[in-house]
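Visitor: Please find target.txt (compact mmCIF, C-alpha atoms and all ligand atoms) on the next line:
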# COMPACT_ATOMS: atom_id res chain seq x y z
CA MET A 196 -47.07 -21.94 -75.57
CA ARG A 197 -50.88 -22.01 -75.47
CA GLY A 198 -52.35 -20.25 -78.50
CA LYS A 199 -49.07 -20.51 -80.42
CA THR A 200 -48.45 -22.48 -83.62
CA VAL A 201 -45.12 -24.19 -84.25
CA LEU A 202 -43.94 -25.92 -87.44
CA ILE A 203 -41.02 -28.36 -87.18
CA THR A 204 -39.39 -29.93 -90.24
CA GLY A 205 -38.08 -33.50 -90.00
CA SER A 206 -40.28 -34.15 -86.98
CA THR A 207 -41.78 -37.57 -87.67
CA GLY A 208 -38.81 -39.17 -85.89
CA GLY A 209 -35.58 -38.39 -84.06
CA ILE A 210 -34.84 -35.10 -82.30
CA GLY A 211 -37.53 -33.22 -84.24
CA LYS A 212 -40.25 -35.54 -82.93
CA GLU A 213 -39.02 -35.10 -79.34
CA THR A 214 -38.98 -31.35 -79.84
CA ALA A 215 -42.59 -31.62 -81.07
CA ARG A 216 -43.51 -33.73 -78.03
CA GLY A 217 -42.02 -31.15 -75.67
CA LEU A 218 -43.69 -28.15 -77.33
CA ALA A 219 -47.08 -29.93 -77.56
CA ALA A 220 -46.79 -30.67 -73.83
CA LEU A 221 -46.30 -26.92 -73.27
CA GLY A 222 -49.65 -26.36 -75.02
CA ALA A 223 -48.51 -25.35 -78.53
CA ARG A 224 -50.35 -26.36 -81.69
CA VAL A 225 -47.62 -28.32 -83.50
CA ILE A 226 -47.40 -29.06 -87.23
CA LEU A 227 -45.11 -32.00 -87.96
CA VAL A 228 -43.37 -32.34 -91.34
CA GLY A 229 -41.78 -35.51 -92.73
CA ARG A 230 -41.41 -36.99 -96.20
CA ASP A 231 -43.66 -39.96 -95.60
CA PRO A 232 -47.36 -39.10 -95.11
CA VAL A 233 -48.12 -42.35 -93.26
CA ARG A 234 -45.22 -41.88 -90.80
CA ALA A 235 -46.22 -38.24 -90.36
CA ARG A 236 -49.85 -39.18 -89.61
CA ARG A 237 -48.76 -41.89 -87.15
CA ALA A 238 -46.41 -39.51 -85.35
CA ALA A 239 -49.15 -36.87 -85.08
CA ASP A 240 -51.60 -39.48 -83.71
CA GLU A 241 -49.02 -40.67 -81.17
CA LEU A 242 -48.11 -37.18 -79.95
CA GLY A 243 -51.72 -36.01 -80.01
CA ALA A 244 -52.90 -38.99 -77.94
CA GLY A 245 -51.80 -37.23 -74.75
CA GLY A 246 -54.20 -34.36 -75.49
CA GLY A 247 -51.78 -32.23 -77.55
CA GLN A 248 -52.87 -30.44 -80.70
CA VAL A 249 -50.61 -32.08 -83.30
CA GLU A 250 -51.08 -32.11 -87.08
CA ALA A 251 -49.06 -33.64 -89.90
CA LEU A 252 -48.02 -32.49 -93.36
CA ALA A 253 -45.78 -34.34 -95.82
CA ALA A 254 -42.99 -32.63 -97.76
CA ASP A 255 -39.36 -33.30 -98.64
CA MET A 256 -37.24 -30.36 -97.49
CA THR A 257 -34.59 -31.06 -100.12
CA ARG A 258 -37.10 -30.30 -102.92
CA LEU A 259 -37.89 -26.67 -103.71
CA GLY A 260 -41.30 -27.44 -105.26
CA GLU A 261 -42.40 -29.42 -102.19
CA MET A 262 -41.36 -26.57 -99.88
CA ALA A 263 -43.46 -24.14 -101.91
CA ALA A 264 -46.45 -26.53 -101.77
CA LEU A 265 -45.92 -26.96 -98.01
CA ALA A 266 -45.88 -23.19 -97.44
CA ALA A 267 -49.15 -22.88 -99.39
CA ARG A 268 -50.78 -25.60 -97.28
CA VAL A 269 -49.60 -23.98 -94.05
CA ALA A 270 -51.10 -20.67 -95.22
CA GLU A 271 -54.45 -22.43 -95.80
CA ARG A 272 -54.42 -23.77 -92.21
CA CYS A 273 -52.92 -20.90 -90.24
CA ASP A 274 -53.22 -17.15 -90.26
CA ARG A 275 -49.94 -16.85 -88.32
CA LEU A 276 -46.93 -18.95 -87.44
CA ASP A 277 -45.24 -18.26 -84.11
CA VAL A 278 -42.26 -20.61 -84.41
CA LEU A 279 -40.52 -22.34 -87.33
CA ILE A 280 -37.89 -24.96 -86.46
CA ASN A 281 -35.73 -25.92 -89.44
CA ASN A 282 -34.59 -29.28 -88.12
CA VAL A 283 -34.03 -31.52 -91.18
CA GLY A 284 -30.53 -32.98 -91.49
CA ALA A 285 -28.77 -35.31 -93.93
CA ASN A 286 -25.40 -36.98 -94.39
CA PRO A 287 -25.38 -39.06 -97.59
CA PRO A 288 -22.34 -41.39 -97.78
CA ARG A 289 -21.66 -40.20 -101.34
CA ARG A 290 -22.18 -36.88 -103.13
CA THR A 291 -25.72 -36.83 -104.53
CA LEU A 292 -27.83 -34.14 -106.19
CA THR A 293 -31.48 -33.34 -105.48
CA GLU A 294 -34.07 -33.17 -108.25
CA ASP A 295 -33.24 -29.42 -108.43
CA GLY A 296 -29.58 -30.26 -109.11
CA VAL A 297 -28.39 -29.10 -105.66
CA GLU A 298 -25.91 -31.10 -103.54
CA THR A 299 -28.11 -32.90 -100.98
CA THR A 300 -26.33 -31.90 -97.74
CA PHE A 301 -26.25 -28.25 -98.82
CA ALA A 302 -29.93 -28.54 -99.80
CA ALA A 303 -30.96 -29.95 -96.39
CA HIS A 304 -28.86 -27.70 -94.11
CA VAL A 305 -28.61 -24.39 -95.95
CA LEU A 306 -31.07 -24.11 -98.83
CA ALA A 307 -34.04 -25.66 -96.96
CA PRO A 308 -33.97 -23.28 -93.95
CA PHE A 309 -33.33 -20.32 -96.28
CA THR A 310 -36.19 -21.26 -98.63
CA LEU A 311 -38.83 -22.37 -96.15
CA THR A 312 -38.24 -19.36 -93.90
CA ARG A 313 -38.54 -17.02 -96.87
CA LEU A 314 -41.69 -18.76 -98.11
CA LEU A 315 -43.28 -18.57 -94.65
CA LEU A 316 -42.21 -14.99 -93.83
CA PRO A 317 -45.69 -13.58 -94.60
CA LEU A 318 -47.08 -15.80 -91.80
CA LEU A 319 -44.17 -15.62 -89.36
CA VAL A 320 -44.62 -13.42 -86.34
CA GLY A 321 -42.02 -14.87 -83.96
CA ARG A 322 -39.07 -17.20 -83.82
CA VAL A 323 -37.05 -19.11 -86.40
CA VAL A 324 -34.76 -21.79 -84.95
CA ASN A 325 -32.19 -23.45 -87.21
CA ILE A 326 -30.59 -26.68 -86.02
CA THR A 327 -26.88 -27.14 -86.45
CA GLY A 328 -24.88 -30.30 -85.68
CA GLY A 329 -21.71 -32.31 -86.12
CA ILE A 330 -18.59 -30.24 -85.47
CA PRO A 331 -19.43 -26.88 -86.99
CA GLY A 332 -16.96 -24.02 -87.01
CA GLY A 333 -14.24 -24.96 -89.45
CA PRO A 334 -13.41 -22.81 -92.47
CA ILE A 335 -16.03 -22.28 -95.18
CA ASP A 336 -14.52 -23.13 -98.56
CA LEU A 337 -16.22 -20.80 -101.04
CA ASP A 338 -14.91 -22.91 -103.94
CA ASN A 339 -16.46 -26.09 -102.56
CA LEU A 340 -19.87 -25.02 -101.16
CA GLN A 341 -21.68 -27.92 -102.82
CA ALA A 342 -18.69 -30.27 -102.50
CA GLU A 343 -17.95 -29.82 -106.20
CA ARG A 344 -14.22 -30.49 -105.61
CA ARG A 345 -14.29 -33.14 -102.90
CA TYR A 346 -16.78 -35.07 -100.80
CA LEU A 347 -15.90 -37.46 -98.01
CA GLY A 348 -19.22 -38.60 -96.55
CA TRP A 349 -17.74 -40.86 -93.87
CA THR A 350 -15.65 -38.04 -92.37
CA PHE A 351 -18.80 -35.88 -92.10
CA ALA A 352 -16.75 -33.19 -93.87
CA GLN A 353 -19.60 -31.81 -95.96
CA TYR A 354 -22.04 -32.30 -93.06
CA ASN A 355 -19.87 -30.09 -90.82
CA HIS A 356 -19.13 -27.67 -93.68
CA THR A 357 -22.82 -27.13 -94.51
CA LYS A 358 -23.79 -26.79 -90.83
CA THR A 359 -21.19 -24.00 -90.56
CA MET A 360 -22.63 -22.45 -93.73
CA GLN A 361 -26.07 -22.68 -92.16
CA MET A 362 -24.77 -20.57 -89.26
CA ALA A 363 -23.43 -17.91 -91.65
CA MET A 364 -26.75 -17.91 -93.54
CA SER A 365 -28.70 -17.65 -90.24
CA LEU A 366 -26.69 -14.63 -89.11
CA ARG A 367 -27.38 -12.91 -92.41
CA PHE A 368 -31.08 -13.89 -92.17
CA ALA A 369 -31.31 -12.39 -88.67
CA GLU A 370 -29.96 -9.14 -90.10
CA GLU A 371 -32.41 -9.21 -93.05
CA VAL A 372 -35.47 -9.55 -90.77
CA GLY A 373 -34.17 -7.24 -88.03
CA GLY A 374 -36.88 -4.92 -86.70
CA THR A 375 -39.79 -6.99 -88.08
CA GLY A 376 -40.46 -8.96 -84.87
CA VAL A 377 -39.11 -12.16 -86.44
CA THR A 378 -35.99 -13.56 -84.75
CA VAL A 379 -33.50 -16.08 -86.17
CA ASN A 380 -31.26 -18.16 -83.90
CA VAL A 381 -29.28 -21.39 -84.11
CA ALA A 382 -29.43 -24.32 -81.65
CA TYR A 383 -26.88 -27.13 -81.18
CA PRO A 384 -28.72 -30.28 -80.05
CA GLY A 385 -26.01 -32.77 -79.05
CA HIS A 386 -25.87 -36.45 -79.90
CA GLY A 387 -28.93 -38.70 -80.13
CA HIS A 388 -29.43 -42.26 -81.39
CA THR A 389 -31.84 -41.22 -84.14
CA PRO A 390 -32.88 -42.69 -87.52
CA MET A 391 -30.04 -40.69 -89.12
CA ASN A 392 -27.38 -42.31 -86.95
CA GLN A 393 -29.04 -45.73 -87.02
CA SER A 394 -28.85 -45.70 -90.81
CA LEU A 395 -25.03 -45.33 -90.91
CA LYS A 396 -23.74 -48.26 -92.97
CA ALA A 397 -20.28 -49.81 -92.59
CA ALA A 398 -19.97 -49.87 -96.38
CA GLY A 399 -19.85 -46.07 -96.42
CA PHE A 400 -16.58 -46.10 -94.40
CA PRO A 401 -13.03 -47.03 -95.48
CA TYR A 402 -12.15 -50.72 -94.75
CA LEU A 403 -10.04 -49.84 -91.70
CA TYR A 404 -12.97 -48.15 -89.94
CA ARG A 405 -15.73 -50.58 -90.87
CA PRO A 406 -15.54 -52.76 -87.69
CA ILE A 407 -16.24 -49.65 -85.59
CA VAL A 408 -19.69 -49.10 -87.12
CA PRO A 409 -21.45 -52.16 -85.59
CA LEU A 410 -19.70 -51.34 -82.29
CA LEU A 411 -21.19 -47.85 -82.39
CA GLY A 412 -24.55 -49.47 -83.13
CA LEU A 413 -24.22 -51.46 -79.87
CA VAL A 414 -22.98 -48.61 -77.66
CA ALA A 415 -25.07 -45.69 -78.94
CA PRO A 416 -28.53 -47.01 -77.89
CA ARG A 417 -27.23 -47.38 -74.30
CA PHE A 418 -25.99 -43.82 -73.96
CA PHE A 419 -27.90 -41.74 -76.50
CA ALA A 420 -31.41 -43.24 -76.61
CA ASP A 421 -32.96 -40.43 -74.55
CA LEU A 422 -33.79 -37.86 -77.24
CA GLY A 423 -35.26 -35.53 -74.64
CA LYS A 424 -31.72 -34.21 -74.03
CA PRO A 425 -30.85 -33.19 -77.61
CA ALA A 426 -34.34 -31.68 -77.98
CA ARG A 427 -33.75 -29.28 -75.06
CA SER A 428 -31.95 -26.49 -76.93
CA SER A 429 -34.57 -26.22 -79.69
CA ILE A 430 -37.43 -26.31 -77.14
CA HIS A 431 -35.65 -23.59 -75.16
CA LEU A 432 -35.19 -21.35 -78.20
CA ALA A 433 -38.78 -21.94 -79.31
CA SER A 434 -40.48 -21.33 -75.99
CA SER A 435 -38.38 -19.65 -73.31
CA ALA A 436 -39.24 -16.12 -72.20
CA GLU A 437 -35.47 -15.64 -71.65
CA VAL A 438 -34.88 -15.47 -75.39
CA GLU A 439 -37.80 -13.17 -76.24
CA GLY A 440 -36.49 -10.63 -78.76
CA VAL A 441 -33.04 -12.28 -78.96
CA SER A 442 -31.90 -12.70 -82.57
CA GLY A 443 -28.69 -13.65 -84.36
CA ALA A 444 -27.56 -15.82 -81.42
CA TYR A 445 -26.08 -19.30 -81.17
CA PHE A 446 -27.09 -21.60 -78.29
CA SER A 447 -25.22 -24.68 -77.06
CA MET A 448 -26.78 -28.03 -76.17
CA LYS A 449 -26.93 -26.71 -72.58
CA CYS A 450 -29.11 -23.83 -73.83
CA ARG A 451 -26.34 -21.31 -73.18
CA ARG A 452 -25.59 -18.48 -75.53
CA THR A 453 -22.23 -19.25 -77.08
CA ALA A 454 -19.70 -17.69 -79.49
CA TRP A 455 -20.19 -17.97 -83.24
CA PRO A 456 -17.37 -19.50 -85.25
CA GLU A 457 -15.23 -16.92 -87.07
CA SER A 458 -16.11 -18.40 -90.46
CA ALA A 459 -19.84 -17.83 -89.81
CA LEU A 460 -19.22 -14.21 -88.82
CA ASN A 461 -17.18 -13.58 -91.98
CA ARG A 462 -19.10 -11.14 -94.19
CA ARG A 463 -17.77 -12.50 -97.48
CA ASN A 464 -18.85 -16.01 -96.50
CA GLN A 465 -22.32 -14.78 -95.50
CA ASP A 466 -22.77 -12.78 -98.71
CA THR A 467 -21.58 -15.58 -101.01
CA ILE A 468 -23.86 -18.18 -99.40
CA TRP A 469 -26.79 -15.76 -99.38
CA ALA A 470 -26.30 -14.95 -103.08
CA LEU A 471 -26.11 -18.66 -103.96
CA CYS A 472 -29.35 -19.37 -102.05
CA GLU A 473 -31.06 -16.44 -103.77
CA ASN A 474 -29.94 -17.67 -107.19
CA LEU A 475 -31.05 -21.24 -106.55
CA THR A 476 -34.50 -20.18 -105.32
CA ARG A 477 -35.21 -17.26 -107.65
CA GLU A 478 -37.86 -19.21 -109.53
CA VAL A 479 -39.67 -20.82 -106.59
CA ILE A 480 -39.75 -17.65 -104.48
CA GLY A 481 -40.50 -15.46 -107.51
CA ARG A 482 -43.66 -17.49 -108.18
CA LEU A 483 -45.28 -16.24 -104.95
N1 LIG B 1 -28.74 -37.20 -84.16
C1 LIG B 1 -27.69 -36.55 -83.71
O1 LIG B 1 -26.84 -37.10 -83.02
C2 LIG B 1 -27.52 -35.10 -84.03
C3 LIG B 1 -26.46 -34.40 -83.43
C4 LIG B 1 -26.31 -33.05 -83.71
C5 LIG B 1 -27.21 -32.43 -84.58
N2 LIG B 1 -28.20 -33.15 -85.17
C6 LIG B 1 -29.11 -32.44 -86.07
O2 LIG B 1 -30.40 -32.48 -85.51
C7 LIG B 1 -31.38 -32.53 -86.55
C8 LIG B 1 -32.28 -33.73 -86.36
O3 LIG B 1 -31.45 -34.87 -86.40
P1 LIG B 1 -32.00 -36.36 -86.30
O4 LIG B 1 -30.79 -37.20 -86.11
O5 LIG B 1 -33.14 -36.43 -85.36
O6 LIG B 1 -32.55 -36.53 -87.79
P2 LIG B 1 -33.16 -37.82 -88.56
O7 LIG B 1 -33.07 -38.97 -87.68
O8 LIG B 1 -32.53 -37.90 -89.89
O9 LIG B 1 -34.59 -37.31 -88.92
C9 LIG B 1 -35.72 -37.14 -88.18
C10 LIG B 1 -36.88 -37.17 -89.12
O10 LIG B 1 -36.70 -36.23 -90.22
C11 LIG B 1 -37.44 -36.69 -91.35
N3 LIG B 1 -36.71 -36.25 -92.56
C12 LIG B 1 -35.48 -36.67 -92.97
N4 LIG B 1 -35.15 -36.08 -94.14
C13 LIG B 1 -36.19 -35.27 -94.45
C14 LIG B 1 -36.45 -34.39 -95.55
N5 LIG B 1 -35.59 -34.27 -96.56
N6 LIG B 1 -37.61 -33.70 -95.56
C15 LIG B 1 -38.52 -33.83 -94.56
N7 LIG B 1 -38.33 -34.66 -93.51
C16 LIG B 1 -37.18 -35.37 -93.45
C17 LIG B 1 -37.47 -38.21 -91.23
O11 LIG B 1 -38.78 -38.64 -91.36
P3 LIG B 1 -39.33 -39.26 -92.75
O12 LIG B 1 -38.40 -40.38 -93.07
O13 LIG B 1 -40.71 -39.65 -92.39
O14 LIG B 1 -39.23 -38.16 -93.74
C18 LIG B 1 -37.00 -38.52 -89.82
O15 LIG B 1 -37.90 -39.28 -89.07
C19 LIG B 1 -30.59 -32.56 -87.86
O16 LIG B 1 -30.47 -31.26 -88.37
C20 LIG B 1 -29.23 -33.07 -87.45
O17 LIG B 1 -28.22 -32.64 -88.32
C21 LIG B 1 -28.38 -34.46 -84.90
Spit out the file's structure as structure tokens when you get a sec.
Ligand SMILES: NC(=O)c1ccc[n+]([C@@H]2O[C@H](COP(=O)([O-])OP(=O)(O)OC[C@H]3O[C@@H](n4cnc5c(N)ncnc54)[C@H](OP(=O)(O)O)[C@@H]3O)[C@@H](O)[C@H]2O)c1

Guide:
Amino acid sequence: MRGKTVLITGSTGGIGKETARGLAALGARVILVGRDPVRARRAADELGAGGGQVEALAADMTRLGEMAALAARVAERCDRLDVLINNVGANPPRRTLTEDGVETTFAAHVLAPFTLTRLLLPLLVGRVVNITGGIPGGPIDLDNLQAERRYLGWTFAQYNHTKTMQMAMSLRFAEEVGGTGVTVNVAYPGHGHTPMNQSLKAAGFPYLYRPIVPLLGLVAPRFFADLGKPARSSIHLASSAEVEGVSGAYFSMKCRRTAWPESALNRRNQDTIWALCENLTREVIGRL
């Protein structure tokens, strides 16, 4: 990865930070992105201490204006971007809206990768890797894309739903950029005891399930503390020669190419999600 520049969103902690560590160790110049500038700076100092070239930028990937500002700052620093890893995830216990009026889970998993990739397309010369998660693959409910009808945070229903939507959007994105040299693929990381999982609160669950949450908090650090494992699939997609030129593919946590869910392949689903993303970002992308 020497001579290559990689940008990873949500990389000041969790799986994104481990992905950054791995790619910096392979010689890449890595740009970390997190919401908190102090955490981002600290993470860059920590990862750069081993000799890696690691920089930090602060931006919230659920805010359209901050993504536009981030893209402008990246353009000031880099004349090309070899790899973009859209890694940010979210699972709010209740339905919330971003400052742009978008449902937060949809904003983090679907709108953020769509928007940031589009904003960075003039710089991108290589690979886009979108990170899925949960249990993707169920039906996509076109009448409930932003959980307008129902939202059950504790069941991860909207988390899984938006990760499946992200797959449909990624397939359509791969088609849009076909033949330009830019590739778009999706990686499944597997479980890790990250800030996202550590922040699960018993109060977000129905009474019956609440005793399980502290139990999970005791067990998870024993089995899922090594974040090197869930970072493998994104590192593979970002760096392996095996996937050179591969686009529109889905890779498992074991870095194996695997079948897309039917709902992600469905053309109507892809087109509806794409049109919604275009509508929501018309202003921010139009300003470029
Ligand atoms: N953890 C798992 O078990 C698991 C399993 C399957 C898939 N995944 C997926 O893997 C990805 C990474 O998961 P993770 O558990 O490592 O995530 P995480 O713990 O929530 O986040 C890692 C870092 O992302 C930053 N971040 C969070 N929201 C952000 C935002 N809106 N904008 C910019 N940065 C943000 C946070 O730093 P700041 O607070 O400094 O912003 C945090 O340190 C997600 O897409 C997730 O859905 C995770």

Visitor: What residues have any atom no more than 9 Å from ligand LIG 1 (chain B) when counting only C-alpha atoms and all ligand atoms, and can you list them as a PyMOL selection string?

Guide: chain A and resi 204-213+228-235+253-258+281-286+299+302-304+307+325-330+354+358+382-394+419+422+425-426

Visitor: Could you work out how far atom CA of A:Val438 lies from atom CA of A:Gly373, giving the answer in Å with one decimal?

Guide: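 Atom CA of A:Val438 lies 15.1 Å from atom CA of A:Gly373.
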
Visitor: So that I can see what lies close to A:Ser447, please list as a PyMOL selection string the residues with an atom at most 7 Å from it, counting only C-alpha atoms and leaving out residues fewer than 2 positions away in the same chain.

Guide: chain A and resi 382-383+428+445+449-453

Visitor: As number ranges by chain, please: the residues near A:Gly245 (cut-off 10 Å, all atoms listed in the file, same-chain neighbours under 6 positions excluded).

Guide: A: 216, 219-220

Visitor: For a test of reading the model, state the distance in Å between atom CA of A:Val414 and atom CA of A:Ala352, rounded to one decimal.

Guide: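 Going from atom CA of A:Val414 over to atom CA of A:Ala352 covers 23.2 Å.
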
Visitor: To one decimal in Å, tell me the separation between atom CA of A:Ala420 and atom CA of A:Thr350.

Guide: 22.9 Å

Visitor: I want to know what sits within 10 Å of A:Leu460, based on only C-alpha atoms, with residues of the same chain fewer than 4 positions away left out; could you give that as a CSV table (one decimal) with C-alpha atoms, in the frame of the given file?

Guide:
chain,number,residue,atom,x,y,z
A,362,MET,CA,-24.8,-20.6,-89.3
A,363,ALA,CA,-23.4,-17.9,-91.6
A,364,MET,CA,-26.8,-17.9,-93.5
A,366,LEU,CA,-26.7,-14.6,-89.1
A,367,ARG,CA,-27.4,-12.9,-92.4
A,454,ALA,CA,-19.7,-17.7,-79.5
A,455,TRP,CA,-20.2,-18.0,-83.2
A,456,PRO,CA,-17.4,-19.5,-85.2
A,464,ASN,CA,-18.8,-16.0,-96.5
A,465,GLN,CA,-22.3,-14.8,-95.5

Visitor: Using only C-alpha atoms, which residue out of A:Ala223, A:Leu432, A:Ala397, A:Leu315 lies closest to A:Leu265?

Guide: A:Leu315

Visitor: With only C-alpha atoms as the basis for distance, which of A:Ala369, A:Val379, A:Leu221, A:Leu252 is at the shortest distance from A:Val278?

Guide: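 For A:Val278, the nearest of the candidates is A:Val379.
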
Visitor: Which residue gives the smallest distance to A:Thr310 among A:Val377, A:Cys472, A:Ala436, A:Leu292, with all atoms listed in the file counted?

Guide: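 Result for the nearest residue to A:Thr310: A:Cys472.
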
Visitor: Quick one: residues within 9 Å of A:Ala263, all atoms listed in the file counted, chain neighbours fewer than 4 positions away excluded, as a PyMOL selection string?

Guide: chain A and resi 258-259+267-268+310-311+314+479-480+483

Visitor: As JSON, please report the centre and edge lengths, rounded to one decimal in Å, of the axis-aligned box that holds all listed atoms of stretch 320-332 of chain A with 3 Å of padding on each of the six sides.

Guide:
{"center_x": -30.8, "center_y": -22.9, "center_z": -85.5, "size_x": 33.7, "size_y": 24.9, "size_z": 9.4}

Visitor: With distances taken over all atoms listed in the file, which of A:Ala215, A:Arg237, A:Gly260, A:Arg224 is nearest to A:Thr293?

Guide: A:Gly260

Visitor: When you look at A:Thr200 with a cut-off of 8 Å (counting only C-alpha atoms), what residues show up, excluding the ones that are within fewer than 2 positions of it in the same chain? I need them as a list in words.

Guide: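 Residues meeting the cut-off are Gly198, Leu202, Ala223, Arg224, Val225, Ile226, Arg275, Leu276, Asp277 and Val278 of chain A.
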
Visitor: Can you put N, CA and C atoms back into stretch 279-290 of chain A and show it as an mmCIF file, in the coordinates of the input?

Guide:
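File written: out33.cif
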data_model
loop_
_atom_site.group_PDB
_atom_site.id
_atom_site.type_symbol
_atom_site.label_atom_id
_atom_site.label_comp_id
_atom_site.auth_asym_id
_atom_site.auth_seq_id
_atom_site.Cartn_x
_atom_site.Cartn_y
_atom_site.Cartn_z
ATOM 1 N N LEU A 279 -40.924 -21.390 -86.281
ATOM 2 C CA LEU A 279 -40.520 -22.340 -87.330
ATOM 3 C C LEU A 279 -39.190 -22.951 -86.902
ATOM 4 N N ILE A 280 -39.154 -24.282 -86.801
ATOM 5 C CA ILE A 280 -37.890 -24.960 -86.460
ATOM 6 C C ILE A 280 -37.412 -25.732 -87.687
ATOM 7 N N ASN A 281 -36.324 -25.257 -88.273
ATOM 8 C CA ASN A 281 -35.730 -25.920 -89.440
ATOM 9 C C ASN A 281 -34.773 -26.991 -88.916
ATOM 10 N N ASN A 282 -35.294 -28.209 -88.824
ATOM 11 C CA ASN A 282 -34.590 -29.280 -88.120
ATOM 12 C C ASN A 282 -34.014 -30.362 -89.032
ATOM 13 N N VAL A 283 -34.448 -30.403 -90.308
ATOM 14 C CA VAL A 283 -34.030 -31.520 -91.180
ATOM 15 C C VAL A 283 -32.508 -31.575 -91.330
ATOM 16 N N GLY A 284 -31.961 -32.786 -91.266
ATOM 17 C CA GLY A 284 -30.530 -32.980 -91.490
ATOM 18 C C GLY A 284 -30.298 -34.145 -92.438
ATOM 19 N N ALA A 285 -29.097 -34.205 -93.015
ATOM 20 C CA ALA A 285 -28.770 -35.310 -93.930
ATOM 21 C C ALA A 285 -27.256 -35.476 -93.989
ATOM 22 N N ASN A 286 -26.823 -36.727 -94.157
ATOM 23 C CA ASN A 286 -25.400 -36.980 -94.390
ATOM 24 C C ASN A 286 -25.227 -38.153 -95.345
ATOM 25 N N PRO A 287 -25.510 -37.943 -96.640
ATOM 26 C CA PRO A 287 -25.380 -39.060 -97.590
ATOM 27 C C PRO A 287 -23.921 -39.552 -97.650
ATOM 28 N N PRO A 288 -23.720 -40.876 -97.747
ATOM 29 C CA PRO A 288 -22.340 -41.390 -97.780
ATOM 30 C C PRO A 288 -21.568 -40.943 -99.030
ATOM 31 N N ARG A 289 -22.302 -40.678 -100.114
ATOM 32 C CA ARG A 289 -21.660 -40.200 -101.340
ATOM 33 C C ARG A 289 -22.327 -38.916 -101.788
ATOM 34 N N ARG A 290 -21.610 -38.143 -102.628
ATOM 35 C CA ARG A 290 -22.180 -36.880 -103.130
ATOM 36 C C ARG A 290 -23.380 -37.200 -104.025
#
